[in-house]
>>> print(open('entry37.pdb').read())   # PDB, C-alpha atoms
ATOM      1  CA  MET A 137       4.614 -80.236  79.686
ATOM      2  CA  MET A 138       6.228 -79.533  76.352
ATOM      3  CA  THR A 139       9.036 -81.822  75.217
ATOM      4  CA  LYS A 140      12.028 -79.771  74.160
ATOM      5  CA  ILE A 141      15.134 -80.495  72.111
ATOM      6  CA  PHE A 142      18.133 -78.765  73.621
ATOM      7  CA  ARG A 143      20.646 -76.767  71.631
ATOM      8  CA  ARG A 144      24.324 -76.516  72.576
ATOM      9  CA  CYS A 145      24.508 -79.939  74.233
ATOM     10  CA  LEU A 146      27.298 -82.517  74.178
ATOM     11  CA  ALA A 147      25.340 -85.766  74.552
ATOM     12  CA  GLY A 148      22.254 -87.219  72.886
ATOM     13  CA  ALA A 149      21.092 -89.275  69.934
ATOM     14  CA  LEU A 150      20.639 -88.611  66.267
ATOM     15  CA  THR A 151      17.145 -87.871  65.106
ATOM     16  CA  GLY A 152      15.573 -89.901  62.336
ATOM     17  CA  ALA A 153      16.174 -87.024  59.951
ATOM     18  CA  VAL A 154      19.903 -87.110  60.545
ATOM     19  CA  LEU A 155      20.010 -90.878  60.279
ATOM     20  CA  ALA A 156      18.418 -90.473  56.883
ATOM     21  CA  ALA A 157      20.984 -87.854  55.975
ATOM     22  CA  ALA A 158      23.809 -90.118  57.058
ATOM     23  CA  ALA A 159      22.541 -92.813  54.733
ATOM     24  CA  ALA A 160      22.321 -90.421  51.795
ATOM     25  CA  GLN A 161      25.011 -89.414  49.343
ATOM     26  CA  PRO A 162      26.809 -86.053  49.724
ATOM     27  CA  ALA A 163      24.771 -83.100  48.445
ATOM     28  CA  ALA A 164      24.893 -82.324  44.733
ATOM     29  CA  ALA A 165      25.795 -78.887  43.387
ATOM     30  CA  GLY A 166      23.011 -76.428  44.107
ATOM     31  CA  LYS A 167      21.836 -78.297  47.187
ATOM     32  CA  ILE A 168      22.935 -77.218  50.648
ATOM     33  CA  SER A 169      22.337 -79.419  53.693
ATOM     34  CA  ILE A 170      22.531 -77.903  57.173
ATOM     35  CA  GLY A 171      22.238 -79.540  60.585
ATOM     36  CA  HIS A 172      20.913 -77.625  63.583
ATOM     37  CA  THR A 173      19.288 -77.988  66.982
ATOM     38  CA  ILE A 174      15.974 -76.330  67.810
ATOM     39  CA  TRP A 175      16.687 -72.689  68.563
ATOM     40  CA  VAL A 176      14.828 -69.475  67.801
ATOM     41  CA  GLY A 177      17.878 -68.002  66.090
ATOM     42  CA  TYR A 178      17.728 -70.572  63.309
ATOM     43  CA  GLY A 179      14.242 -69.502  62.257
ATOM     44  CA  PRO A 180      15.517 -67.477  59.250
ATOM     45  CA  LEU A 181      16.559 -70.764  57.616
ATOM     46  CA  TYR A 182      12.932 -71.804  57.328
ATOM     47  CA  LEU A 183      11.734 -68.330  56.464
ATOM     48  CA  ALA A 184      14.149 -68.120  53.526
ATOM     49  CA  LYS A 185      13.116 -71.554  52.326
ATOM     50  CA  GLU A 186       9.358 -70.965  52.626
ATOM     51  CA  LEU A 187       9.507 -67.594  50.843
ATOM     52  CA  GLY A 188      11.717 -68.932  48.066
ATOM     53  CA  PHE A 189      14.741 -66.772  48.897
ATOM     54  CA  PHE A 190      17.133 -69.706  48.600
ATOM     55  CA  LYS A 191      15.609 -70.932  45.364
ATOM     56  CA  GLU A 192      15.797 -67.521  43.706
ATOM     57  CA  ASN A 193      19.530 -67.602  44.452
ATOM     58  CA  GLY A 194      19.932 -71.010  42.830
ATOM     59  CA  VAL A 195      20.043 -73.075  46.010
ATOM     60  CA  ASP A 196      17.977 -76.050  47.137
ATOM     61  CA  ALA A 197      18.165 -75.961  50.949
ATOM     62  CA  ASP A 198      17.731 -79.003  53.171
ATOM     63  CA  PHE A 199      17.699 -78.848  56.977
ATOM     64  CA  GLN A 200      18.219 -81.679  59.451
ATOM     65  CA  VAL A 201      17.238 -81.250  63.103
ATOM     66  CA  VAL A 202      19.780 -82.907  65.386
ATOM     67  CA  ASP A 203      19.483 -83.468  69.119
ATOM     68  CA  ASP A 204      22.848 -81.853  69.787
ATOM     69  CA  SER A 205      25.480 -79.934  67.889
ATOM     70  CA  ALA A 206      28.233 -82.484  68.544
ATOM     71  CA  LEU A 207      26.321 -85.034  66.473
ATOM     72  CA  ALA A 208      25.658 -82.541  63.701
ATOM     73  CA  MET A 209      29.374 -81.786  63.576
ATOM     74  CA  ALA A 210      30.113 -85.525  63.442
ATOM     75  CA  ALA A 211      27.696 -85.953  60.524
ATOM     76  CA  GLN A 212      29.349 -83.025  58.768
ATOM     77  CA  ALA A 213      32.834 -84.451  59.378
ATOM     78  CA  ALA A 214      31.627 -87.678  57.738
ATOM     79  CA  GLY A 215      30.505 -85.701  54.675
ATOM     80  CA  LYS A 216      26.784 -86.191  55.307
ATOM     81  CA  LEU A 217      26.089 -82.502  55.899
ATOM     82  CA  ASP A 218      27.521 -79.436  54.190
ATOM     83  CA  GLY A 219      27.430 -77.305  57.318
ATOM     84  CA  THR A 220      26.069 -76.746  60.796
ATOM     85  CA  ALA A 221      24.341 -73.939  62.664
ATOM     86  CA  THR A 222      25.714 -73.590  66.188
ATOM     87  CA  THR A 223      27.561 -71.132  68.424
ATOM     88  CA  LEU A 224      30.951 -69.628  67.648
ATOM     89  CA  ASP A 225      32.474 -70.833  70.902
ATOM     90  CA  GLU A 226      31.165 -74.362  70.294
ATOM     91  CA  ILE A 227      32.842 -74.880  66.919
ATOM     92  CA  LEU A 228      36.301 -74.070  68.259
ATOM     93  CA  LYS A 229      36.386 -77.486  69.944
ATOM     94  CA  TYR A 230      35.927 -79.392  66.685
ATOM     95  CA  ARG A 231      38.337 -77.598  64.341
ATOM     96  CA  SER A 232      41.362 -79.740  63.519
ATOM     97  CA  PRO A 233      43.676 -80.572  60.611
ATOM     98  CA  ASP A 234      41.370 -83.496  59.850
ATOM     99  CA  PHE A 235      38.129 -81.509  60.025
ATOM    100  CA  CYS A 236      38.307 -78.194  58.191
ATOM    101  CA  PHE A 237      35.341 -75.824  58.294
ATOM    102  CA  LYS A 238      34.804 -72.090  58.605
ATOM    103  CA  ALA A 239      32.036 -69.773  59.790
ATOM    104  CA  VAL A 240      30.754 -67.623  56.936
ATOM    105  CA  ALA A 241      27.576 -65.979  58.275
ATOM    106  CA  LEU A 242      25.797 -65.076  61.500
ATOM    107  CA  PHE A 243      22.302 -65.921  62.668
ATOM    108  CA  ASP A 244      21.792 -64.152  65.955
ATOM    109  CA  GLU A 245      23.154 -62.927  69.237
ATOM    110  CA  SER A 246      21.702 -64.086  72.528
ATOM    111  CA  HIS A 247      20.434 -60.882  74.119
ATOM    112  CA  GLY A 248      18.658 -62.033  77.252
ATOM    113  CA  GLY A 249      17.812 -65.505  75.965
ATOM    114  CA  ASP A 250      20.453 -67.133  78.181
ATOM    115  CA  GLY A 251      20.907 -66.426  81.868
ATOM    116  CA  MET A 252      21.707 -67.491  85.390
ATOM    117  CA  VAL A 253      19.004 -67.958  88.033
ATOM    118  CA  SER A 254      19.749 -67.904  91.742
ATOM    119  CA  LEU A 255      18.270 -67.681  95.200
ATOM    120  CA  LYS A 256      17.141 -64.185  96.103
ATOM    121  CA  GLU A 257      19.848 -63.776  98.722
ATOM    122  CA  ILE A 258      22.556 -64.252  96.085
ATOM    123  CA  ASN A 259      23.301 -60.783  94.742
ATOM    124  CA  SER A 260      26.548 -61.230  92.834
ATOM    125  CA  LEU A 261      28.848 -63.817  91.299
ATOM    126  CA  ALA A 262      31.062 -63.488  94.369
ATOM    127  CA  ASP A 263      28.152 -64.776  96.469
ATOM    128  CA  LEU A 264      28.374 -68.082  94.562
ATOM    129  CA  LYS A 265      31.657 -68.976  96.279
ATOM    130  CA  GLY A 266      31.386 -72.405  97.865
ATOM    131  CA  LYS A 267      28.014 -73.060  96.234
ATOM    132  CA  THR A 268      26.799 -75.486  93.545
ATOM    133  CA  VAL A 269      25.770 -74.179  90.129
ATOM    134  CA  ALA A 270      23.868 -76.504  87.779
ATOM    135  CA  MET A 271      24.685 -76.255  84.064
ATOM    136  CA  ASN A 272      25.459 -78.299  80.973
ATOM    137  CA  GLU A 273      29.198 -78.955  81.058
ATOM    138  CA  GLY A 274      31.038 -78.444  77.774
ATOM    139  CA  SER A 275      28.190 -76.379  76.349
ATOM    140  CA  THR A 276      27.745 -72.680  75.666
ATOM    141  CA  SER A 277      26.189 -72.427  79.130
ATOM    142  CA  GLN A 278      29.518 -73.390  80.704
ATOM    143  CA  PHE A 279      31.418 -71.154  78.287
ATOM    144  CA  TRP A 280      29.242 -68.168  79.196
ATOM    145  CA  PHE A 281      29.401 -68.897  82.938
ATOM    146  CA  SER A 282      33.185 -69.248  82.742
ATOM    147  CA  TYR A 283      33.349 -65.947  80.865
ATOM    148  CA  LEU A 284      31.359 -64.218  83.622
ATOM    149  CA  MET A 285      33.609 -65.665  86.305
ATOM    150  CA  LYS A 286      36.757 -64.724  84.395
ATOM    151  CA  LYS A 287      35.471 -61.216  83.828
ATOM    152  CA  GLY A 288      34.682 -60.910  87.533
ATOM    153  CA  GLY A 289      38.094 -62.213  88.556
ATOM    154  CA  ILE A 290      36.554 -65.185  90.388
ATOM    155  CA  PRO A 291      38.372 -68.561  90.176
ATOM    156  CA  LEU A 292      36.244 -71.364  88.731
ATOM    157  CA  LYS A 293      37.397 -73.611  91.579
ATOM    158  CA  ASP A 294      35.372 -71.419  93.951
ATOM    159  CA  VAL A 295      32.146 -73.065  92.753
ATOM    160  CA  GLU A 296      31.047 -76.640  92.182
ATOM    161  CA  VAL A 297      29.540 -77.361  88.777
ATOM    162  CA  LEU A 298      26.693 -79.884  88.675
ATOM    163  CA  ASN A 299      26.398 -81.272  85.149
ATOM    164  CA  MET A 300      22.885 -81.456  83.670
ATOM    165  CA  SER A 301      20.961 -80.095  80.711
ATOM    166  CA  ALA A 302      19.757 -76.500  80.748
ATOM    167  CA  ASP A 303      16.154 -77.563  81.350
ATOM    168  CA  ALA A 304      17.120 -80.045  84.058
ATOM    169  CA  ALA A 305      19.233 -77.348  85.703
ATOM    170  CA  ALA A 306      16.262 -74.983  85.786
ATOM    171  CA  ALA A 307      14.004 -77.730  87.142
ATOM    172  CA  ALA A 308      16.525 -78.562  89.861
ATOM    173  CA  PHE A 309      16.687 -74.901  90.839
ATOM    174  CA  ILE A 310      12.904 -74.502  90.956
ATOM    175  CA  ALA A 311      12.686 -77.657  93.087
ATOM    176  CA  GLY A 312      15.143 -76.158  95.569
ATOM    177  CA  GLN A 313      17.866 -78.700  94.863
ATOM    178  CA  VAL A 314      20.552 -76.180  93.821
ATOM    179  CA  PRO A 315      21.069 -72.508  94.741
ATOM    180  CA  ALA A 316      21.880 -71.430  91.185
ATOM    181  CA  ALA A 317      21.640 -72.644  87.594
ATOM    182  CA  VAL A 318      22.616 -71.549  84.091
ATOM    183  CA  THR A 319      19.773 -72.006  81.615
ATOM    184  CA  TRP A 320      17.828 -70.176  78.904
ATOM    185  CA  GLU A 321      14.319 -69.161  77.890
ATOM    186  CA  PRO A 322      11.588 -70.026  78.564
ATOM    187  CA  ASN A 323      13.113 -71.209  81.858
ATOM    188  CA  LEU A 324      14.215 -67.713  82.881
ATOM    189  CA  THR A 325      10.637 -66.459  82.579
ATOM    190  CA  LEU A 326       9.369 -69.561  84.393
ATOM    191  CA  VAL A 327      11.558 -68.777  87.400
ATOM    192  CA  LYS A 328      10.197 -65.234  87.487
ATOM    193  CA  THR A 329       6.621 -66.466  87.168
ATOM    194  CA  LYS A 330       6.960 -69.004  89.971
ATOM    195  CA  ASN A 331       8.712 -66.415  92.133
ATOM    196  CA  VAL A 332      11.162 -69.030  93.442
ATOM    197  CA  GLY A 333      14.256 -66.941  92.914
ATOM    198  CA  LYS A 334      15.552 -64.392  90.457
ATOM    199  CA  VAL A 335      17.519 -63.978  87.277
ATOM    200  CA  LEU A 336      20.926 -62.984  88.627
ATOM    201  CA  THR A 337      22.155 -61.952  85.178
ATOM    202  CA  ASP A 338      21.435 -62.699  81.533
ATOM    203  CA  SER A 339      23.111 -62.449  78.147
ATOM    204  CA  ALA A 340      21.783 -58.936  77.546
ATOM    205  CA  ALA A 341      24.629 -57.879  79.856
ATOM    206  CA  THR A 342      27.199 -59.607  77.628
ATOM    207  CA  PRO A 343      26.501 -58.450  74.045
ATOM    208  CA  GLY A 344      28.373 -60.247  71.306
ATOM    209  CA  VAL A 345      29.508 -63.174  73.462
ATOM    210  CA  ILE A 346      26.931 -65.862  72.647
ATOM    211  CA  ILE A 347      26.744 -65.806  68.853
ATOM    212  CA  ASP A 348      25.161 -68.364  66.522
ATOM    213  CA  VAL A 349      27.042 -68.889  63.285
ATOM    214  CA  LEU A 350      26.651 -70.771  60.026
ATOM    215  CA  GLU A 351      29.735 -72.780  59.129
ATOM    216  CA  PHE A 352      30.543 -74.890  56.077
ATOM    217  CA  SER A 353      33.118 -77.576  55.388
ATOM    218  CA  CYS A 354      36.185 -76.157  53.647
ATOM    219  CA  SER A 355      35.623 -78.471  50.689
ATOM    220  CA  VAL A 356      32.184 -76.916  50.137
ATOM    221  CA  LEU A 357      33.608 -73.399  50.365
ATOM    222  CA  LYS A 358      36.302 -74.289  47.839
ATOM    223  CA  ASP A 359      34.303 -76.369  45.357
ATOM    224  CA  ARG A 360      30.871 -74.684  45.539
ATOM    225  CA  PRO A 361      31.351 -70.991  46.345
ATOM    226  CA  ALA A 362      28.351 -69.945  44.233
ATOM    227  CA  ASP A 363      26.057 -72.195  46.274
ATOM    228  CA  VAL A 364      27.409 -70.776  49.521
ATOM    229  CA  LYS A 365      26.983 -67.190  48.308
ATOM    230  CA  GLY A 366      23.440 -67.950  47.167
ATOM    231  CA  PHE A 367      22.584 -69.535  50.508
ATOM    232  CA  ILE A 368      23.908 -66.564  52.475
ATOM    233  CA  ALA A 369      22.082 -64.120  50.215
ATOM    234  CA  GLY A 370      18.810 -65.962  50.847
ATOM    235  CA  LEU A 371      19.447 -66.039  54.584
ATOM    236  CA  GLN A 372      20.173 -62.322  54.770
ATOM    237  CA  LYS A 373      17.070 -61.515  52.756
ATOM    238  CA  ALA A 374      15.044 -63.473  55.314
ATOM    239  CA  VAL A 375      16.484 -61.370  58.153
ATOM    240  CA  ASP A 376      15.496 -58.201  56.298
ATOM    241  CA  TYR A 377      11.988 -59.631  55.879
ATOM    242  CA  ILE A 378      11.685 -60.116  59.662
ATOM    243  CA  LYS A 379      12.218 -56.366  60.156
ATOM    244  CA  THR A 380       9.306 -55.390  57.930
ATOM    245  CA  ASN A 381       6.932 -58.339  58.445
ATOM    246  CA  PRO A 382       7.589 -59.671  61.967
ATOM    247  CA  ASP A 383       4.209 -61.293  62.617
ATOM    248  CA  LYS A 384       4.159 -63.205  59.330
ATOM    249  CA  ALA A 385       7.828 -64.097  59.776
ATOM    250  CA  TYR A 386       7.259 -65.497  63.279
ATOM    251  CA  GLU A 387       4.347 -67.576  61.994
ATOM    252  CA  ILE A 388       6.459 -69.125  59.250
ATOM    253  CA  MET A 389       9.533 -69.627  61.428
ATOM    254  CA  ALA A 390       7.546 -71.184  64.273
ATOM    255  CA  LYS A 391       6.073 -73.751  61.907
ATOM    256  CA  GLY A 392       9.479 -74.535  60.449
ATOM    257  CA  VAL A 393      11.551 -74.756  63.622
ATOM    258  CA  GLY A 394       8.792 -76.556  65.537
ATOM    259  CA  GLY A 395       9.355 -78.217  68.892
ATOM    260  CA  TYR A 396       8.723 -75.947  71.856
ATOM    261  CA  LEU A 397       8.676 -72.997  69.421
ATOM    262  CA  LYS A 398       5.867 -74.299  67.204
ATOM    263  CA  GLU A 399       3.372 -71.624  68.296
ATOM    264  CA  PRO A 400       3.939 -68.145  66.769
ATOM    265  CA  LYS A 401       3.460 -66.472  70.176
ATOM    266  CA  ASP A 402       6.068 -68.714  71.787
ATOM    267  CA  PHE A 403       8.429 -68.015  68.920
ATOM    268  CA  ALA A 404       7.860 -64.261  69.185
ATOM    269  CA  ASP A 405       8.473 -64.375  72.937
ATOM    270  CA  ALA A 406      11.707 -66.301  72.397
ATOM    271  CA  ALA A 407      12.764 -63.926  69.620
ATOM    272  CA  SER A 408      12.664 -61.033  72.093
ATOM    273  CA  GLY A 409      15.750 -62.581  73.699
ATOM    274  CA  VAL A 410      17.875 -62.545  70.543
ATOM    275  CA  LYS A 411      19.129 -60.098  67.936
ATOM    276  CA  PHE A 412      18.990 -61.372  64.377
ATOM    277  CA  TYR A 413      22.080 -60.342  62.417
ATOM    278  CA  ASP A 414      21.648 -58.701  59.037
ATOM    279  CA  LYS A 415      24.410 -58.259  56.456
ATOM    280  CA  ALA A 416      25.791 -55.019  57.903
ATOM    281  CA  MET A 417      25.923 -56.446  61.428
ATOM    282  CA  THR A 418      27.614 -59.594  60.135
ATOM    283  CA  ILE A 419      30.288 -57.615  58.273
ATOM    284  CA  GLU A 420      30.994 -55.532  61.375
ATOM    285  CA  TYR A 421      31.147 -58.529  63.727
ATOM    286  CA  PHE A 422      33.367 -60.674  61.514
ATOM    287  CA  GLY A 423      35.631 -57.922  60.244
ATOM    288  CA  THR A 424      38.350 -59.214  57.931
ATOM    289  CA  ALA A 425      41.543 -61.217  58.230
ATOM    290  CA  ALA A 426      43.462 -57.926  58.000
ATOM    291  CA  LYS A 427      41.213 -56.196  60.528
ATOM    292  CA  PRO A 428      39.190 -58.715  62.581
ATOM    293  CA  GLY A 429      35.987 -57.625  64.292
ATOM    294  CA  PRO A 430      34.551 -58.658  67.677
ATOM    295  CA  ALA A 431      34.529 -62.288  66.526
ATOM    296  CA  ALA A 432      38.279 -62.361  67.161
ATOM    297  CA  ASP A 433      37.707 -61.489  70.822
ATOM    298  CA  VAL A 434      35.252 -64.369  71.273
ATOM    299  CA  ILE A 435      37.664 -66.748  69.536
ATOM    300  CA  LYS A 436      40.471 -65.676  71.878
ATOM    301  CA  LEU A 437      38.171 -66.007  74.854
ATOM    302  CA  GLY A 438      36.911 -69.404  73.710
ATOM    303  CA  ASN A 439      40.452 -70.679  73.291
ATOM    304  CA  GLU A 440      41.304 -69.606  76.823
ATOM    305  CA  ILE A 441      38.166 -70.977  78.462
ATOM    306  CA  TRP A 442      38.029 -74.318  76.649
ATOM    307  CA  SER A 443      41.751 -74.812  77.227
ATOM    308  CA  ASP A 444      41.311 -74.161  80.949
ATOM    309  CA  LEU A 445      38.458 -76.674  81.001
ATOM    310  CA  GLY A 446      40.411 -79.251  78.994
ATOM    311  CA  LYS A 447      37.930 -79.193  76.110
ATOM    312  CA  ILE A 448      40.281 -78.086  73.334
ATOM    313  CA  LYS A 449      43.656 -79.509  72.320
ATOM    314  CA  LYS A 450      45.018 -76.598  70.316
ATOM    315  CA  PRO A 451      44.097 -72.895  70.105
ATOM    316  CA  VAL A 452      42.251 -71.964  66.901
ATOM    317  CA  THR A 453      43.127 -68.796  65.009
ATOM    318  CA  TYR A 454      40.725 -66.335  63.387
ATOM    319  CA  ASP A 455      41.905 -67.365  59.917
ATOM    320  CA  GLU A 456      41.310 -71.047  60.695
ATOM    321  CA  ILE A 457      37.702 -70.577  61.781
ATOM    322  CA  ILE A 458      36.350 -67.484  59.946
ATOM    323  CA  ASP A 459      35.923 -66.743  56.227
ATOM    324  CA  SER A 460      34.405 -63.288  55.910
ATOM    325  CA  SER A 461      34.789 -63.113  52.135
ATOM    326  CA  PHE A 462      31.278 -64.437  51.493
ATOM    327  CA  THR A 463      29.629 -61.528  53.321
ATOM    328  CA  GLN A 464      31.983 -58.688  52.360
TER     329      GLN A 464
END
>>> encode(input="entry37.pdb", output="structure tokens")
Amino acid sequence: MMTKIFRRCLAGALTGAVLAAAAAQPAAAGKISIGHTIWVGYGPLYLAKELGFFKENGVDADFQVVDDSALAMAAQAAGKLDGTATTLDEILKYRSPDFCFKAVALFDESHGGDGMVSLKEINSLADLKGKTVAMNEGSTSQFWFSYLMKKGGIPLKDVEVLNMSADAAAAAFIAGQVPAAVTWEPNLTLVKTKNVGKVLTDSAATPGVIIDVLEFSCSVLKDRPADVKGFIAGLQKAVDYIKTNPDKAYEIMAKGVGGYLKEPKDFADAASGVKFYDKAMTIEYFGTAAKPGPAADVIKLGNEIWSDLGKIKKPVTYDEIIDSSFTQ
């Protein structure tokens, strides 16, 4: 069985790469260091680096794989990373007067890559009342599940949440230990293959809700805007390359991201569950401070959900978490 590193988790340990980063000095001008978990949506980072798109824009890119986003954010707060790749809802929990950062670009949208599996007799969210649902508490899985329940007008207290990682949740469901679980690919396909239940719903039904963003510390945005612009330009060129050379792109990205995505076929399969965001899509989603795009809706939603769950101390505004000027 493949060993997998989970994205969007709240507990874990730093990898050796991040320990090395923590021991290093802050990045010099021209060098950008980014922390990220293993996720198909972050493939363009490695594609842009391998094809020289960062270098041609005057940037030396360095990536550190971290077991969970909370630890990457901690390393960034300590000045050991310039930024982090994670979900928009996730970063709301870490923004504070003492830790200033803003999202400046988009990677992807989960479009079927995340989902909820259930017993075949469960046909709606309402059928979950009184039942146990396994998921990773405090993660995007819980955010997305809470969004579905809120949208359906179903009180969260109507279900019991069993806290475990997305993979463990899927395994528990397949073993018949829980009637439903929130997880992601390749677990959704595994449930279908084993014919032990069904995918009750997936993120294709909730476009624009689970979004992966690139955020940088405010000090980096202020002191090194040229580096940030160069990095984003390289990233967006990589996304354009995927459109015209998908097979070659998947091969390069699979090698770079590694882990359970190290084989090009596995990467391509996983990529079918996401939408990579190009420059035009990013501009539309972010909008501007004067006229915010759909990102503002997710921020509002995230504030409400994380507040209800006791995961956020103070609501975060669009202006505090988004800087669209680098992509306009």
>>> atom_distance(input="entry37.pdb", atom1="atom CA of A:Ile290", atom2="atom CA of A:Ala302")
22.4 Å
>>> closest_residue(input="entry37.pdb", among="A:Glu399, A:Asp250, A:Glu296, A:Asp348", to="A:Val318", atoms="only C-alpha atoms")
A:Asp250
>>> closest_residue(input="entry37.pdb", among="A:Leu326, A:Met252, A:Val364, A:Cys236", to="A:Ala340", atoms="all atoms listed in the file")
A:Met252
>>> axis_aligned_box(input="entry37.pdb", around="stretch 214-220 of chain A", padding_each_side="8 Å", output="JSON")
{"center_x": 28.8, "center_y": -82.2, "center_z": 57.5, "size_x": 21.6, "size_y": 26.9, "size_z": 22.6}
>>> resolve_selection(input="entry37.pdb", expression="the PyMOL selection byres ((chain A and resi 237-246) around 7)", output="VMD selection string")
chain A and resid 177 to 178 231 235 to 236 247 to 250 339 344 346 to 354 368 409 to 413 418 456 to 460 462 to 463
>>> residues_around(input="entry37.pdb", residues="A:Ile378", least_positions_apart="6", cutoff="9 Å", atoms="only C-alpha atoms", output="CSV table (one decimal) with C-alpha atoms, in the frame of the given file")
chain,number,residue,atom,x,y,z
A,180,PRO,CA,15.5,-67.5,59.2
A,183,LEU,CA,11.7,-68.3,56.5
A,384,LYS,CA,4.2,-63.2,59.3
A,385,ALA,CA,7.8,-64.1,59.8
A,386,TYR,CA,7.3,-65.5,63.3
A,412,PHE,CA,19.0,-61.4,64.4
>>> residues_around(input="entry37.pdb", residues="A:Val327", least_positions_apart="3", cutoff="12 Å", atoms="all atoms listed in the file", output="VMD selection string")
chain A and resid 251 to 256 303 305 to 312 316 to 324 330 to 336
>>> write_last_selection(input="entry37.pdb", atoms="C-alpha atoms", output="PDB file, in the coordinates of the input")
ATOM      1  CA  GLY A 251      20.907 -66.426  81.868  1.00  0.00           C
ATOM      2  CA  MET A 252      21.707 -67.491  85.390  1.00  0.00           C
ATOM      3  CA  VAL A 253      19.004 -67.958  88.033  1.00  0.00           C
ATOM      4  CA  SER A 254      19.749 -67.904  91.742  1.00  0.00           C
ATOM      5  CA  LEU A 255      18.270 -67.681  95.200  1.00  0.00           C
ATOM      6  CA  LYS A 256      17.141 -64.185  96.103  1.00  0.00           C
ATOM      7  CA  ASP A 303      16.154 -77.563  81.350  1.00  0.00           C
ATOM      8  CA  ALA A 305      19.233 -77.348  85.703  1.00  0.00           C
ATOM      9  CA  ALA A 306      16.262 -74.983  85.786  1.00  0.00           C
ATOM     10  CA  ALA A 307      14.004 -77.730  87.142  1.00  0.00           C
ATOM     11  CA  ALA A 308      16.525 -78.562  89.861  1.00  0.00           C
ATOM     12  CA  PHE A 309      16.687 -74.901  90.839  1.00  0.00           C
ATOM     13  CA  ILE A 310      12.904 -74.502  90.956  1.00  0.00           C
ATOM     14  CA  ALA A 311      12.686 -77.657  93.087  1.00  0.00           C
ATOM     15  CA  GLY A 312      15.143 -76.158  95.569  1.00  0.00           C
ATOM     16  CA  ALA A 316      21.880 -71.430  91.185  1.00  0.00           C
ATOM     17  CA  ALA A 317      21.640 -72.644  87.594  1.00  0.00           C
ATOM     18  CA  VAL A 318      22.616 -71.549  84.091  1.00  0.00           C
ATOM     19  CA  THR A 319      19.773 -72.006  81.615  1.00  0.00           C
ATOM     20  CA  TRP A 320      17.828 -70.176  78.904  1.00  0.00           C
ATOM     21  CA  GLU A 321      14.319 -69.161  77.890  1.00  0.00           C
ATOM     22  CA  PRO A 322      11.588 -70.026  78.564  1.00  0.00           C
ATOM     23  CA  ASN A 323      13.113 -71.209  81.858  1.00  0.00           C
ATOM     24  CA  LEU A 324      14.215 -67.713  82.881  1.00  0.00           C
ATOM     25  CA  LYS A 330       6.960 -69.004  89.971  1.00  0.00           C
ATOM     26  CA  ASN A 331       8.712 -66.415  92.133  1.00  0.00           C
ATOM     27  CA  VAL A 332      11.162 -69.030  93.442  1.00  0.00           C
ATOM     28  CA  GLY A 333      14.256 -66.941  92.914  1.00  0.00           C
ATOM     29  CA  LYS A 334      15.552 -64.392  90.457  1.00  0.00           C
ATOM     30  CA  VAL A 335      17.519 -63.978  87.277  1.00  0.00           C
ATOM     31  CA  LEU A 336      20.926 -62.984  88.627  1.00  0.00           C
TER      32      LEU A 336
END
>>> atom_distance(input="entry37.pdb", atom1="atom CA of A:Leu217", atom2="atom CA of A:Phe189")
20.6 Å
>>> closest_residue(input="entry37.pdb", among="A:Thr337, A:Ser301, A:Thr453, A:Gln212", to="A:Phe281", atoms="all atoms listed in the file")
A:Thr337
>>> closest_residue(input="entry37.pdb", among="A:Asp414, A:Asp263, A:Ile441, A:Pro430", to="A:Ala374", atoms="all atoms listed in the file")
A:Asp414
>>> atom_distance(input="entry37.pdb", atom1="atom CA of A:Lys447", atom2="atom CA of A:Gly274")
7.1 Å
>>> closest_residue(input="entry37.pdb", among="A:Pro315, A:Gly219, A:Gly266, A:Gly392", to="A:Ser355", atoms="only C-alpha atoms")
A:Gly219
>>> closest_residue(input="entry37.pdb", among="A:Asp444, A:Asp455, A:Asp402, A:Asp204", to="A:Thr424", atoms="all atoms listed in the file")
A:Asp455
>>> resolve_selection(input="entry37.pdb", expression="the PyMOL selection byres ((chain A and resi 196) around 8)", output="PyMOL selection string")
chain A and resi 166-168+190-191+194-195+197-198
>>> decode(input="entry37.pdb", residues="stretch 273-289 of chain A", atoms="C-alpha atoms", output="PDB file, in the first residue's frame")
ATOM      1  CA  GLU A 273     -11.584  17.976  12.271  1.00  0.00           C
ATOM      2  CA  GLY A 274     -10.308  21.505  11.679  1.00  0.00           C
ATOM      3  CA  SER A 275      -9.369  20.702   8.090  1.00  0.00           C
ATOM      4  CA  THR A 276     -10.873  21.624   4.738  1.00  0.00           C
ATOM      5  CA  SER A 277     -12.838  18.371   4.946  1.00  0.00           C
ATOM      6  CA  GLN A 278     -14.720  19.692   7.979  1.00  0.00           C
ATOM      7  CA  PHE A 279     -15.088  23.120   6.379  1.00  0.00           C
ATOM      8  CA  TRP A 280     -16.602  21.593   3.240  1.00  0.00           C
ATOM      9  CA  PHE A 281     -18.876  19.240   5.202  1.00  0.00           C
ATOM     10  CA  SER A 282     -20.051  22.134   7.375  1.00  0.00           C
ATOM     11  CA  TYR A 283     -20.726  24.161   4.232  1.00  0.00           C
ATOM     12  CA  LEU A 284     -22.882  21.350   2.816  1.00  0.00           C
ATOM     13  CA  MET A 285     -24.828  21.064   6.054  1.00  0.00           C
ATOM     14  CA  LYS A 286     -25.296  24.829   6.289  1.00  0.00           C
ATOM     15  CA  LYS A 287     -26.434  25.001   2.689  1.00  0.00           C
ATOM     16  CA  GLY A 288     -28.907  22.189   3.339  1.00  0.00           C
ATOM     17  CA  GLY A 289     -30.235  23.837   6.487  1.00  0.00           C
TER      18      GLY A 289
END
